[in-house]
Amino acid sequence: MTDPTGASVDGQSESVSRLASVGLTCPAPTGDTDRVLLGHGSGGKLSATLLKSRFLPRFGNEVLERLGDAAVVGIASGEIAVSTDSFVVSPLEFPGGNIGHLAVHGTVNDLAMMGAHPQYLSAGFILEEGLRFEVLDRVLDAMAQAAREAGVLVVTGDTKVVERGKADGMFINTTGIGSLDPEFRPGPQRARAGDAVIVSGPIGRHGVAIMAAREDLRFEVEVRSDTACLAPLVRLLREACGPAVHALRDPTRGGMASALNEIAAASSVGVTLDEGALPIPEAVRAACEMLGLDPLYVANEGILVAIVAPEAADDAVQAMRQTPTGASAARIGTVTAERPGLVLLRTGLGAARVVDMLPGDQLPRIC
Amino acid sequence: MKYLSEYRDPVLARSLVERILATATRPRVLMEVCGGQTHTIVRQGLQELLKDAVDMIHGPGCPVCVTPLEQIDRALHLAARPEVIFTSFGDMLRVPGSDCDLLQVRARGGEVRVVYSPLDALDLARRNPDREVVFFAVGFETTAPANAMAVWRARELGVSNFSVLVSHVTVPPAIRAILDAPDNRVEAFLAAGHVCTVMGWKEYEPLAAEYGVPIVVTGFEPVDILEGIYMAVRQLEDGRAEVENQYARSVRRAGNEPAQELVGKVFRLVDRAWRGIGAIPASGLGLREEFGAFDAEKKFDLHGIRTAESSECMAGDVLRGRIKPFECPAFGTVCTPERPLGAPMVSSEGACAAYYNYARYEAEPAGGPA
């Protein structure tokens, strides 16, 4: 059992080592601590050491290494897309990934959903005093790897340390900049009646993985987070279908239901889903049954939903299936002119029900 | 998924729909008692499929909905106390009290935690000996055994900082109250499968005989419910009034006797107010005297809490099956899942929320949502 900072919570050894690490026995900051101290956020020597020993080697690139007050980057002329997102997931590490993967994928994917080509990231870290370096290192490794795979450079950053108990181990904020192609501008307001609704992969994995890790539920089949960079998938879609791709959305918080409701509202169209076509993994289905959750509202971090002109639907599915993240891409529904703003699900019995936005957190059912 | 997918089989379900339509010689009025069944009926659109043969009235079997306002307000009061860790099933967190809900209490600094089992709340008490852990023990006979077990274990282990705020209710007195109402239209009942898993169906036999109503113990999946409806309609057409068991894979006539025994040791029958319905004699469970030390109502001073029900909410008429949720003027306008006036708009098992979430478009005038 570990607490949010990754520290052992059992017994005396922990409190003793903590006393030592916060420096009660020695007034001078120590260089060989195994966890984050308040001094690491002081802007002094400890901060510099943290930056040089942990951050720069992983994210190192020409722009970042200049260490100016701001990064100076080049970008193609025309419009750019900017997106920011904060990451506060608990636990920090979960089956399939950690907060570092999410911090890169989340922002990069938001840019990709606008049709942008993600290029640069900023990264702000709020670390909790006592966070173990081994955890921080794993998170930074994950971020560096995710950034490399996504083809983005981390060009500026910031680190603050807050007192123990003031953050859940660590919070990360990332802001991304991407260049835009005037020929490829999907947007939530561009869905048209008759368009196909296509999902790139299995639904509900991230949310269930987090719930299972948080509640310490042990399922026979482990559900792993789907966290992944969606930019390559969007590139394939763009090559295959171009402007026939009307809208893209990554159904993160609030799940598929919220993503589709947002598109239905923004475009003043209805959406009808076919229950039988929804790719919901058996393990997700079982976990949701147990927890009283609806997979349509569970968060995803590695799938996208595409609204595509009907004549391009098959090409879009085929294009996505060329990558591992899109291997199980499938058409799940249709955009309609009827009932604008409403998402309907056709059940296996032939009846229909409304799939609404979530009023708040999805709370477990009582019985 | 074993024991699940076969009860959602569309082919089987459609053949049952056809049999029901062919059997009913006139539209029949049935009540499903349990909120879980309401949820399936509305979510799967079963009403739409059966509308020529059956009018389903949604019964008072959502524990969240019938928990009286007084108890909700007591819960809010307890949760706001600095020494208390208040624990509850997730559904109860958004139930409106007189002026706020548990989520708002949490936002203001109260410690409110969602647990999946009362035994988790007991564990929490053992791990936090300097705090008072209170569990909100609501529900029908289904949740009573686990709650009884938590209290029993607390006494065994000598955990003195654990108590329960009890608001248990039982099904048979509610069925009797519905049948006694002068304007009752219900011709047959689907009894709640999980309640009967614990209690069996012996206590329903006198009801069926005395009032001449068929009662079918029914499960929760679409095929279960359609089969339960089919059995009830067939009884009505045959002129029979018996207790039948559709949910045979889970329910025996005698029920779960060790569970009943434990419930009997910890709880006793008490009069209980049902939110929206009123007081029903001997319809609830309260802690026995000897477990008074674990009774939050005795442990904390809960007098002088003022309660005020929304004047616009027609939850009582919905819970008694007098109106459908969308016939309430507040439905979907001033009362929504985001800002519920009454409990049935909160719980996923509440009739109002089920209609709002899954069937709203039926109730709306042509041309789309308001």
# chains A, B, ... in the order shown; residues from 1 in each chain; ligands from 1

$ closest_atom_pairs --of "chain A" --to "chain B" --cutoff "12 Å" --atoms "only C-alpha atoms" --output "tab-separated table"
residue	atom	partner	partner_atom	distance
A:Glu215	CA	B:Tyr116	CA	9.5
A:Asp216	CA	B:Tyr116	CA	11.9
A:Leu217	CA	B:Tyr116	CA	11.1
A:Ala257	CA	B:Asn357	CA	11.6
A:Ala265	CA	B:Pro369	CA	11.3
A:Ser268	CA	B:Gly368	CA	10.6
A:Val269	CA	B:Gly368	CA	10.3
A:Gly270	CA	B:Gly368	CA	9.4
A:Glu275	CA	B:Gln44	CA	10.6
A:Gly276	CA	B:Pro10	CA	10.2
A:Pro281	CA	B:Met1	CA	10.8
A:Glu282	CA	B:Met1	CA	7.2
A:Ala283	CA	B:Met1	CA	9.1
A:Val284	CA	B:Met1	CA	11.0
A:Arg285	CA	B:Met1	CA	8.5
A:Ala286	CA	B:Met1	CA	7.3
A:Ala287	CA	B:Met1	CA	11.1
A:Glu289	CA	B:Leu4	CA	9.6
A:Met290	CA	B:Tyr116	CA	10.3
A:Leu291	CA	B:Tyr116	CA	8.6
A:Gly292	CA	B:Ser348	CA	9.4
A:Leu293	CA	B:Ser348	CA	10.1
A:Asp294	CA	B:Ser348	CA	10.7
A:Ala337	CA	B:Gly368	CA	10.3
A:Glu338	CA	B:Gly368	CA	7.4
A:Arg339	CA	B:Gly368	CA	4.5
A:Pro340	CA	B:Gly368	CA	6.4
A:Gly341	CA	B:Pro369	CA	7.7
A:Leu342	CA	B:Pro369	CA	7.6
A:Val343	CA	B:Tyr358	CA	10.1
A:Leu344	CA	B:Tyr358	CA	8.5
A:Leu345	CA	B:Tyr358	CA	9.0
A:Arg346	CA	B:Gln44	CA	8.8
A:Thr347	CA	B:Gln44	CA	6.2
A:Gly348	CA	B:Pro10	CA	5.5
A:Leu349	CA	B:Pro10	CA	5.1
A:Gly350	CA	B:Gly45	CA	8.3
A:Ala351	CA	B:Gly45	CA	5.0
A:Ala352	CA	B:Gly45	CA	6.0
A:Arg353	CA	B:Tyr358	CA	4.4
A:Val354	CA	B:Tyr358	CA	4.2
A:Val355	CA	B:Tyr358	CA	6.5
A:Asp356	CA	B:Asn357	CA	6.0
A:Met357	CA	B:Asn357	CA	8.8
A:Leu358	CA	B:Glu338	CA	8.6
A:Pro359	CA	B:Glu338	CA	5.0
A:Gly360	CA	B:Glu338	CA	7.3
A:Asp361	CA	B:Gly90	CA	9.9
A:Gln362	CA	B:Gly90	CA	9.0
A:Leu363	CA	B:Gly90	CA	5.2
A:Pro364	CA	B:Gly90	CA	5.2
A:Arg365	CA	B:Asp91	CA	5.8
A:Ile366	CA	B:Phe89	CA	5.7
A:Cys367	CA	B:Thr143	CA	7.7

$ residues_around --residues "region 230-247 of chain A" --least-positions-apart "2" --cutoff "9 Å" --atoms "only C-alpha atoms" --output "PyMOL selection string"
chain A and resi 105+108-109+111-118+150+183-192+195+200+228+249-250+263+302-313+315-323+325-326

$ write_last_selection --atoms "N, CA and C atoms" --output "compact mmCIF listing (two decimals), in the first residue's frame"
# COMPACT_ATOMS: atom_id res chain seq x y z
N HIS A 105 -0.53 12.89 -24.03
CA HIS A 105 -1.59 12.44 -24.95
C HIS A 105 -2.80 13.37 -24.89
N VAL A 108 -1.98 16.72 -26.77
CA VAL A 108 -1.69 16.43 -28.18
C VAL A 108 -2.97 15.98 -28.89
N ASN A 109 -3.77 15.15 -28.22
CA ASN A 109 -5.00 14.66 -28.84
C ASN A 109 -6.00 15.79 -29.06
N LEU A 111 -5.32 18.85 -29.72
CA LEU A 111 -4.87 19.56 -30.92
C LEU A 111 -5.25 18.77 -32.18
N ALA A 112 -4.98 17.46 -32.11
CA ALA A 112 -5.24 16.62 -33.29
C ALA A 112 -6.73 16.63 -33.66
N MET A 113 -7.61 16.72 -32.63
CA MET A 113 -9.05 16.71 -32.91
C MET A 113 -9.48 17.96 -33.70
N MET A 114 -8.67 19.01 -33.63
CA MET A 114 -8.96 20.22 -34.41
C MET A 114 -8.34 20.14 -35.81
N GLY A 115 -7.72 19.02 -36.09
CA GLY A 115 -7.04 18.88 -37.37
C GLY A 115 -5.64 19.45 -37.36
N ALA A 116 -5.17 19.89 -36.20
CA ALA A 116 -3.84 20.52 -36.12
C ALA A 116 -2.73 19.47 -36.09
N HIS A 117 -1.55 19.91 -36.49
CA HIS A 117 -0.37 19.07 -36.42
C HIS A 117 0.40 19.48 -35.16
N PRO A 118 0.36 18.68 -34.08
CA PRO A 118 0.96 19.09 -32.81
C PRO A 118 2.47 19.25 -32.93
N ALA A 150 4.84 11.24 -30.32
CA ALA A 150 3.88 12.18 -30.91
C ALA A 150 4.58 13.21 -31.80
N GLU A 183 -6.94 23.41 -45.35
CA GLU A 183 -7.74 22.44 -46.11
C GLU A 183 -8.39 21.37 -45.22
N PHE A 184 -7.92 21.27 -43.98
CA PHE A 184 -8.42 20.18 -43.13
C PHE A 184 -8.83 20.77 -41.78
N ARG A 185 -10.10 21.15 -41.66
CA ARG A 185 -10.55 21.84 -40.45
C ARG A 185 -11.81 21.21 -39.88
N PRO A 186 -11.70 19.97 -39.36
CA PRO A 186 -12.89 19.39 -38.74
C PRO A 186 -13.31 20.22 -37.51
N GLY A 187 -14.59 20.24 -37.21
CA GLY A 187 -15.06 21.00 -36.05
C GLY A 187 -16.40 20.45 -35.59
N PRO A 188 -16.68 20.59 -34.30
CA PRO A 188 -17.91 19.98 -33.76
C PRO A 188 -19.19 20.55 -34.40
N GLN A 189 -19.10 21.72 -35.02
CA GLN A 189 -20.29 22.33 -35.62
C GLN A 189 -20.50 21.89 -37.07
N ARG A 190 -19.64 20.97 -37.56
CA ARG A 190 -19.71 20.64 -38.99
C ARG A 190 -20.42 19.31 -39.30
N ALA A 191 -21.01 18.65 -38.27
CA ALA A 191 -21.71 17.39 -38.55
C ALA A 191 -22.96 17.67 -39.37
N ARG A 192 -23.26 16.78 -40.33
CA ARG A 192 -24.42 16.95 -41.21
C ARG A 192 -25.29 15.69 -41.17
N ASP A 195 -24.31 11.81 -42.04
CA ASP A 195 -22.92 11.45 -41.74
C ASP A 195 -22.84 10.15 -40.93
N SER A 200 -12.86 4.76 -33.08
CA SER A 200 -11.60 4.16 -33.50
C SER A 200 -11.20 2.92 -32.71
N ALA A 228 -3.24 6.82 -25.40
CA ALA A 228 -2.46 6.75 -26.64
C ALA A 228 -2.52 8.07 -27.38
N ARG A 249 -13.54 14.01 -32.19
CA ARG A 249 -13.61 14.28 -30.75
C ARG A 249 -12.93 13.13 -30.02
N ASP A 250 -12.12 13.43 -29.01
CA ASP A 250 -11.63 12.33 -28.18
C ASP A 250 -12.52 12.28 -26.93
N ILE A 263 -21.32 17.34 -29.95
CA ILE A 263 -21.40 17.48 -31.41
C ILE A 263 -22.84 17.72 -31.85
N GLY A 302 -7.62 7.12 -25.41
CA GLY A 302 -6.89 6.69 -26.60
C GLY A 302 -7.79 6.32 -27.76
N ILE A 303 -9.03 6.85 -27.75
CA ILE A 303 -9.88 6.60 -28.91
C ILE A 303 -10.45 7.94 -29.39
N LEU A 304 -10.89 7.95 -30.63
CA LEU A 304 -11.57 9.14 -31.13
C LEU A 304 -12.87 8.72 -31.78
N VAL A 305 -13.80 9.69 -31.82
CA VAL A 305 -15.02 9.46 -32.56
C VAL A 305 -14.99 10.43 -33.74
N ALA A 306 -15.24 9.90 -34.94
CA ALA A 306 -15.17 10.71 -36.16
C ALA A 306 -16.55 10.79 -36.79
N ILE A 307 -16.91 12.00 -37.20
CA ILE A 307 -18.15 12.19 -37.95
C ILE A 307 -17.72 12.41 -39.40
N VAL A 308 -18.10 11.49 -40.27
CA VAL A 308 -17.56 11.46 -41.61
C VAL A 308 -18.70 11.42 -42.63
N ALA A 309 -18.54 12.10 -43.74
CA ALA A 309 -19.54 12.07 -44.81
C ALA A 309 -19.82 10.62 -45.20
N PRO A 310 -21.09 10.29 -45.49
CA PRO A 310 -21.45 8.87 -45.67
C PRO A 310 -20.61 8.17 -46.73
N GLU A 311 -20.31 8.86 -47.83
CA GLU A 311 -19.58 8.18 -48.91
C GLU A 311 -18.13 7.87 -48.53
N ALA A 312 -17.62 8.52 -47.47
CA ALA A 312 -16.23 8.27 -47.07
C ALA A 312 -16.13 7.35 -45.85
N ALA A 313 -17.28 6.87 -45.38
CA ALA A 313 -17.29 6.12 -44.12
C ALA A 313 -16.42 4.86 -44.19
N ASP A 315 -13.94 4.15 -46.21
CA ASP A 315 -12.52 4.51 -46.32
C ASP A 315 -11.97 4.92 -44.96
N ALA A 316 -12.77 5.64 -44.18
CA ALA A 316 -12.31 6.11 -42.87
C ALA A 316 -12.04 4.91 -41.96
N VAL A 317 -12.96 3.96 -41.96
CA VAL A 317 -12.77 2.77 -41.11
C VAL A 317 -11.52 2.01 -41.55
N GLN A 318 -11.39 1.82 -42.86
CA GLN A 318 -10.22 1.09 -43.37
C GLN A 318 -8.92 1.81 -43.01
N ALA A 319 -8.91 3.13 -43.14
CA ALA A 319 -7.70 3.90 -42.86
C ALA A 319 -7.30 3.75 -41.38
N MET A 320 -8.27 3.85 -40.50
CA MET A 320 -7.95 3.77 -39.07
C MET A 320 -7.43 2.39 -38.69
N ARG A 321 -7.96 1.38 -39.38
CA ARG A 321 -7.56 0.01 -39.03
C ARG A 321 -6.09 -0.29 -39.39
N GLN A 322 -5.43 0.64 -40.09
CA GLN A 322 -4.02 0.41 -40.41
C GLN A 322 -3.09 0.60 -39.22
N THR A 323 -3.58 1.23 -38.14
CA THR A 323 -2.72 1.42 -36.96
C THR A 323 -3.24 0.57 -35.81
N THR A 325 -3.79 1.47 -32.78
CA THR A 325 -4.82 2.17 -31.99
C THR A 325 -6.18 2.15 -32.68
N GLY A 326 -6.18 1.98 -34.01
CA GLY A 326 -7.46 1.99 -34.72
C GLY A 326 -7.88 0.63 -35.22

$ residues_around --residues "Thr307 (chain B)" --least-positions-apart "6" --cutoff "12 Å" --atoms "only C-alpha atoms" --output "CSV table (one decimal) with N, CA and C atoms, in the first residue's frame"
chain,number,residue,atom,x,y,z
B,68,PRO,N,-37.2,9.2,3.8
B,68,PRO,CA,-37.9,10.5,4.1
B,68,PRO,C,-36.9,11.7,4.2
B,69,LEU,N,-37.5,12.8,3.9
B,69,LEU,CA,-36.7,14.1,4.0
B,69,LEU,C,-36.0,14.3,5.3
B,70,GLU,N,-36.8,13.9,6.4
B,70,GLU,CA,-36.2,14.1,7.7
B,70,GLU,C,-34.9,13.3,7.9
B,71,GLN,N,-34.8,12.1,7.3
B,71,GLN,CA,-33.6,11.3,7.4
B,71,GLN,C,-32.5,11.9,6.6
B,72,ILE,N,-32.9,12.5,5.4
B,72,ILE,CA,-31.9,13.1,4.5
B,72,ILE,C,-31.3,14.3,5.3
B,73,ASP,N,-32.2,15.1,5.9
B,73,ASP,CA,-31.7,16.3,6.6
B,73,ASP,C,-30.8,15.9,7.8
B,74,ARG,N,-31.2,14.8,8.5
B,74,ARG,CA,-30.3,14.3,9.6
B,74,ARG,C,-28.9,13.9,9.0
B,76,LEU,N,-27.5,15.1,6.4
B,76,LEU,CA,-26.7,16.3,6.1
B,76,LEU,C,-26.1,17.0,7.3
B,77,HIS,N,-26.9,16.9,8.4
B,77,HIS,CA,-26.5,17.5,9.6
B,77,HIS,C,-25.3,16.7,10.2
B,96,PRO,N,-31.7,15.7,-2.8
B,96,PRO,CA,-31.9,17.0,-2.2
B,96,PRO,C,-32.5,16.9,-0.8
B,97,GLY,N,-31.9,17.5,0.1
B,97,GLY,CA,-32.5,17.7,1.5
B,97,GLY,C,-33.3,19.0,1.4
B,98,SER,N,-33.5,19.6,2.6
B,98,SER,CA,-34.3,20.8,2.6
B,98,SER,C,-33.6,21.9,1.9
B,99,ASP,N,-32.3,22.0,2.1
B,99,ASP,CA,-31.6,23.1,1.5
B,99,ASP,C,-30.3,22.8,0.8
B,100,CYS,N,-29.8,21.6,0.8
B,100,CYS,CA,-28.7,21.2,0.0
B,100,CYS,C,-28.6,19.7,-0.1

$ atom_distance --atom1 "CA of Gly332 (chain B)" --atom2 "CA of Gln104 (chain B)"
22.0 Å

$ residues_around --residues "Leu157 (chain B)" --least-positions-apart "4" --cutoff "12 Å" --atoms "only C-alpha atoms" --output "list in words"
Leu122, Asp123, Ala125, Arg126, Met149, Ala150, Val151, Trp152, Arg153, Asn161 and Phe162 of chain B

$ residues_around --residues "Cys34 (chain B)" --least-positions-apart "5" --cutoff "10 Å" --atoms "only C-alpha atoms" --output "list of chain:residue names"
B:His39, B:His58, B:Gly59, B:Pro60, B:Gly61, B:Cys62, B:Pro63, B:Phe140, B:Val171, B:Leu190, B:Ala191, B:Ala192, B:Gly193, B:His194, B:Val195, B:Thr218, B:Gly219, B:Phe220, B:Glu349, B:Gly350

$ residues_around --residues "Glu149 (chain A)" --least-positions-apart "4" --cutoff "9 Å" --atoms "only C-alpha atoms" --output "PyMOL selection string"
chain A and resi 144-145+229

$ select_by_dssp --residues "region 38-167 of chain B" --states "helix (DSSP H, G or I)" --output "count of residues only"
62

$ residues_around --residues "region 243-253 of chain B" --least-positions-apart "4" --cutoff "8 Å" --atoms "only C-alpha atoms" --output "PyMOL selection string"
chain B and resi 193-194+196-198+200-202+204-205+208+214-219+224+227-228+231

$ closest_residue --among "A:Asp110, A:Asp32, A:Asp274, A:Glu220" --to "Ser53 (chain A)" --atoms "only C-alpha atoms"
A:Asp32

$ select_by_dssp --residues "region 12-152 of chain B" --states "strand (DSSP E)" --output "JSON, numbers by chain"
{"B": [28, 29, 30, 31, 32, 33, 34, 54, 55, 56, 57, 58, 59, 60, 61, 84, 85, 86, 87, 88, 111, 112, 113, 114, 132, 133, 134, 135, 136, 137, 138, 139]}

$ write_last_selection --atoms "N, CA and C atoms" --output "mmCIF file, in the first residue's frame"
data_model
loop_
_atom_site.group_PDB
_atom_site.id
_atom_site.type_symbol
_atom_site.label_atom_id
_atom_site.label_comp_id
_atom_site.auth_asym_id
_atom_site.auth_seq_id
_atom_site.Cartn_x
_atom_site.Cartn_y
_atom_site.Cartn_z
ATOM 1 N N ARG B 28 -53.674 -4.247 -19.759
ATOM 2 C CA ARG B 28 -53.584 -4.594 -18.340
ATOM 3 C C ARG B 28 -52.683 -3.600 -17.624
ATOM 4 N N VAL B 29 -53.018 -3.330 -16.366
ATOM 5 C CA VAL B 29 -52.218 -2.382 -15.595
ATOM 6 C C VAL B 29 -51.352 -3.167 -14.600
ATOM 7 N N LEU B 30 -50.041 -3.085 -14.812
ATOM 8 C CA LEU B 30 -49.097 -3.815 -13.949
ATOM 9 C C LEU B 30 -48.197 -2.824 -13.229
ATOM 10 N N MET B 31 -47.747 -3.202 -12.044
ATOM 11 C CA MET B 31 -46.750 -2.367 -11.357
ATOM 12 C C MET B 31 -45.493 -3.185 -11.114
ATOM 13 N N GLU B 32 -44.350 -2.643 -11.565
ATOM 14 C CA GLU B 32 -43.092 -3.249 -11.149
ATOM 15 C C GLU B 32 -42.681 -2.522 -9.872
ATOM 16 N N VAL B 33 -42.362 -3.295 -8.853
ATOM 17 C CA VAL B 33 -42.120 -2.691 -7.551
ATOM 18 C C VAL B 33 -40.757 -2.021 -7.492
ATOM 19 N N CYS B 34 -39.776 -2.639 -8.138
ATOM 20 C CA CYS B 34 -38.390 -2.247 -7.876
ATOM 21 C C CYS B 34 -37.868 -1.222 -8.880
ATOM 22 N N VAL B 54 -49.996 -3.561 -22.227
ATOM 23 C CA VAL B 54 -49.675 -3.391 -20.812
ATOM 24 C C VAL B 54 -49.360 -1.935 -20.508
ATOM 25 N N ASP B 55 -49.909 -1.434 -19.414
ATOM 26 C CA ASP B 55 -49.525 -0.120 -18.910
ATOM 27 C C ASP B 55 -48.703 -0.369 -17.651
ATOM 28 N N MET B 56 -47.417 -0.060 -17.722
ATOM 29 C CA MET B 56 -46.562 -0.310 -16.555
ATOM 30 C C MET B 56 -46.588 0.923 -15.654
ATOM 31 N N ILE B 57 -46.968 0.701 -14.411
ATOM 32 C CA ILE B 57 -46.903 1.773 -13.415
ATOM 33 C C ILE B 57 -45.667 1.505 -12.575
ATOM 34 N N HIS B 58 -44.893 2.554 -12.341
ATOM 35 C CA HIS B 58 -43.619 2.355 -11.662
ATOM 36 C C HIS B 58 -43.802 2.508 -10.165
ATOM 37 N N GLY B 59 -43.469 1.464 -9.449
ATOM 38 C CA GLY B 59 -43.741 1.410 -8.014
ATOM 39 C C GLY B 59 -42.732 2.159 -7.173
ATOM 40 N N PRO B 60 -42.913 2.077 -5.861
ATOM 41 C CA PRO B 60 -42.099 2.873 -4.942
ATOM 42 C C PRO B 60 -40.793 2.202 -4.550
ATOM 43 N N GLY B 61 -40.275 1.298 -5.394
ATOM 44 C CA GLY B 61 -39.149 0.474 -4.971
ATOM 45 C C GLY B 61 -37.776 1.045 -5.242
ATOM 46 N N VAL B 84 -17.176 13.818 12.253
ATOM 47 C CA VAL B 84 -17.831 12.705 11.568
ATOM 48 C C VAL B 84 -17.232 12.453 10.186
ATOM 49 N N ILE B 85 -17.014 11.168 9.884
ATOM 50 C CA ILE B 85 -16.823 10.746 8.492
ATOM 51 C C ILE B 85 -18.127 10.091 8.094
ATOM 52 N N PHE B 86 -18.843 10.701 7.179
ATOM 53 C CA PHE B 86 -20.150 10.182 6.797
ATOM 54 C C PHE B 86 -20.008 9.309 5.561
ATOM 55 N N THR B 87 -20.499 8.080 5.644
ATOM 56 C CA THR B 87 -20.333 7.147 4.531
ATOM 57 C C THR B 87 -21.699 6.755 3.992
ATOM 58 N N SER B 88 -21.739 6.541 2.676
ATOM 59 C CA SER B 88 -23.026 6.281 2.051
ATOM 60 C C SER B 88 -22.798 5.583 0.723
ATOM 61 N N GLU B 111 -16.777 15.670 5.685
ATOM 62 C CA GLU B 111 -16.114 14.502 5.099
ATOM 63 C C GLU B 111 -17.162 13.458 4.744
ATOM 64 N N VAL B 112 -17.423 13.318 3.461
ATOM 65 C CA VAL B 112 -18.431 12.394 2.966
ATOM 66 C C VAL B 112 -17.743 11.426 2.019
ATOM 67 N N ARG B 113 -17.905 10.135 2.281
ATOM 68 C CA ARG B 113 -17.240 9.165 1.411
ATOM 69 C C ARG B 113 -18.229 8.147 0.874
ATOM 70 N N VAL B 114 -18.013 7.764 -0.383
ATOM 71 C CA VAL B 114 -18.835 6.727 -0.989
ATOM 72 C C VAL B 114 -18.218 5.367 -0.687
ATOM 73 N N GLU B 132 -15.679 9.773 14.242
ATOM 74 C CA GLU B 132 -16.935 9.038 14.314
ATOM 75 C C GLU B 132 -17.358 8.681 12.889
ATOM 76 N N VAL B 133 -17.458 7.406 12.576
ATOM 77 C CA VAL B 133 -17.872 7.013 11.238
ATOM 78 C C VAL B 133 -19.348 6.622 11.270
ATOM 79 N N VAL B 134 -20.132 7.305 10.445
ATOM 80 C CA VAL B 134 -21.570 7.029 10.376
ATOM 81 C C VAL B 134 -21.887 6.488 8.994
ATOM 82 N N PHE B 135 -22.630 5.390 8.933
ATOM 83 C CA PHE B 135 -23.048 4.835 7.646
ATOM 84 C C PHE B 135 -24.542 5.061 7.467
ATOM 85 N N PHE B 136 -24.929 5.493 6.274
ATOM 86 C CA PHE B 136 -26.331 5.765 5.967
ATOM 87 C C PHE B 136 -26.971 4.456 5.499
ATOM 88 N N ALA B 137 -27.655 3.776 6.415
ATOM 89 C CA ALA B 137 -28.194 2.451 6.114
ATOM 90 C C ALA B 137 -29.584 2.579 5.505
ATOM 91 N N VAL B 138 -29.632 2.701 4.197
ATOM 92 C CA VAL B 138 -30.917 2.800 3.509
ATOM 93 C C VAL B 138 -31.124 1.551 2.674
ATOM 94 N N GLY B 139 -32.337 1.391 2.185
ATOM 95 C CA GLY B 139 -32.589 0.300 1.257
ATOM 96 C C GLY B 139 -33.713 -0.603 1.732
#

$ atom_distance --atom1 "CA of Ile20 (chain B)" --atom2 "CA of Pro206 (chain B)"
26.6 Å

$ atom_distance --atom1 "CA of Ala279 (chain B)" --atom2 "CA of Val166 (chain B)"
15.8 Å

$ decode --residues "region 263-274 of chain A" --atoms "N, CA and C atoms" --output "PDB file, in the first residue's frame"
ATOM      1  N   ILE A 263     -21.322  17.341 -29.952  1.00  0.00           N
ATOM      2  CA  ILE A 263     -21.397  17.476 -31.413  1.00  0.00           C
ATOM      3  C   ILE A 263     -22.841  17.720 -31.850  1.00  0.00           C
ATOM      4  N   ALA A 264     -23.780  16.959 -31.261  1.00  0.00           N
ATOM      5  CA  ALA A 264     -25.196  17.111 -31.631  1.00  0.00           C
ATOM      6  C   ALA A 264     -25.664  18.541 -31.350  1.00  0.00           C
ATOM      7  N   ALA A 265     -25.230  19.085 -30.215  1.00  0.00           N
ATOM      8  CA  ALA A 265     -25.657  20.441 -29.855  1.00  0.00           C
ATOM      9  C   ALA A 265     -24.992  21.470 -30.764  1.00  0.00           C
ATOM     10  N   ALA A 266     -23.675  21.313 -30.995  1.00  0.00           N
ATOM     11  CA  ALA A 266     -22.940  22.313 -31.777  1.00  0.00           C
ATOM     12  C   ALA A 266     -23.411  22.346 -33.230  1.00  0.00           C
ATOM     13  N   SER A 267     -23.809  21.195 -33.762  1.00  0.00           N
ATOM     14  CA  SER A 267     -24.210  21.135 -35.167  1.00  0.00           C
ATOM     15  C   SER A 267     -25.724  21.157 -35.352  1.00  0.00           C
ATOM     16  N   SER A 268     -26.484  21.205 -34.241  1.00  0.00           N
ATOM     17  CA  SER A 268     -27.946  21.124 -34.314  1.00  0.00           C
ATOM     18  C   SER A 268     -28.411  19.931 -35.138  1.00  0.00           C
ATOM     19  N   VAL A 269     -27.888  18.785 -34.804  1.00  0.00           N
ATOM     20  CA  VAL A 269     -28.304  17.546 -35.458  1.00  0.00           C
ATOM     21  C   VAL A 269     -28.627  16.521 -34.381  1.00  0.00           C
ATOM     22  N   GLY A 270     -29.273  15.429 -34.770  1.00  0.00           N
ATOM     23  CA  GLY A 270     -29.464  14.306 -33.865  1.00  0.00           C
ATOM     24  C   GLY A 270     -28.411  13.252 -34.157  1.00  0.00           C
ATOM     25  N   VAL A 271     -28.183  12.363 -33.198  1.00  0.00           N
ATOM     26  CA  VAL A 271     -27.269  11.240 -33.430  1.00  0.00           C
ATOM     27  C   VAL A 271     -27.988   9.980 -32.977  1.00  0.00           C
ATOM     28  N   THR A 272     -27.998   8.969 -33.840  1.00  0.00           N
ATOM     29  CA  THR A 272     -28.574   7.689 -33.436  1.00  0.00           C
ATOM     30  C   THR A 272     -27.483   6.635 -33.421  1.00  0.00           C
ATOM     31  N   LEU A 273     -27.320   6.000 -32.266  1.00  0.00           N
ATOM     32  CA  LEU A 273     -26.303   4.957 -32.117  1.00  0.00           C
ATOM     33  C   LEU A 273     -26.974   3.590 -32.175  1.00  0.00           C
ATOM     34  N   ASP A 274     -26.212   2.613 -32.643  1.00  0.00           N
ATOM     35  CA  ASP A 274     -26.706   1.246 -32.693  1.00  0.00           C
ATOM     36  C   ASP A 274     -26.030   0.466 -31.563  1.00  0.00           C
TER      37      ASP A 274
END
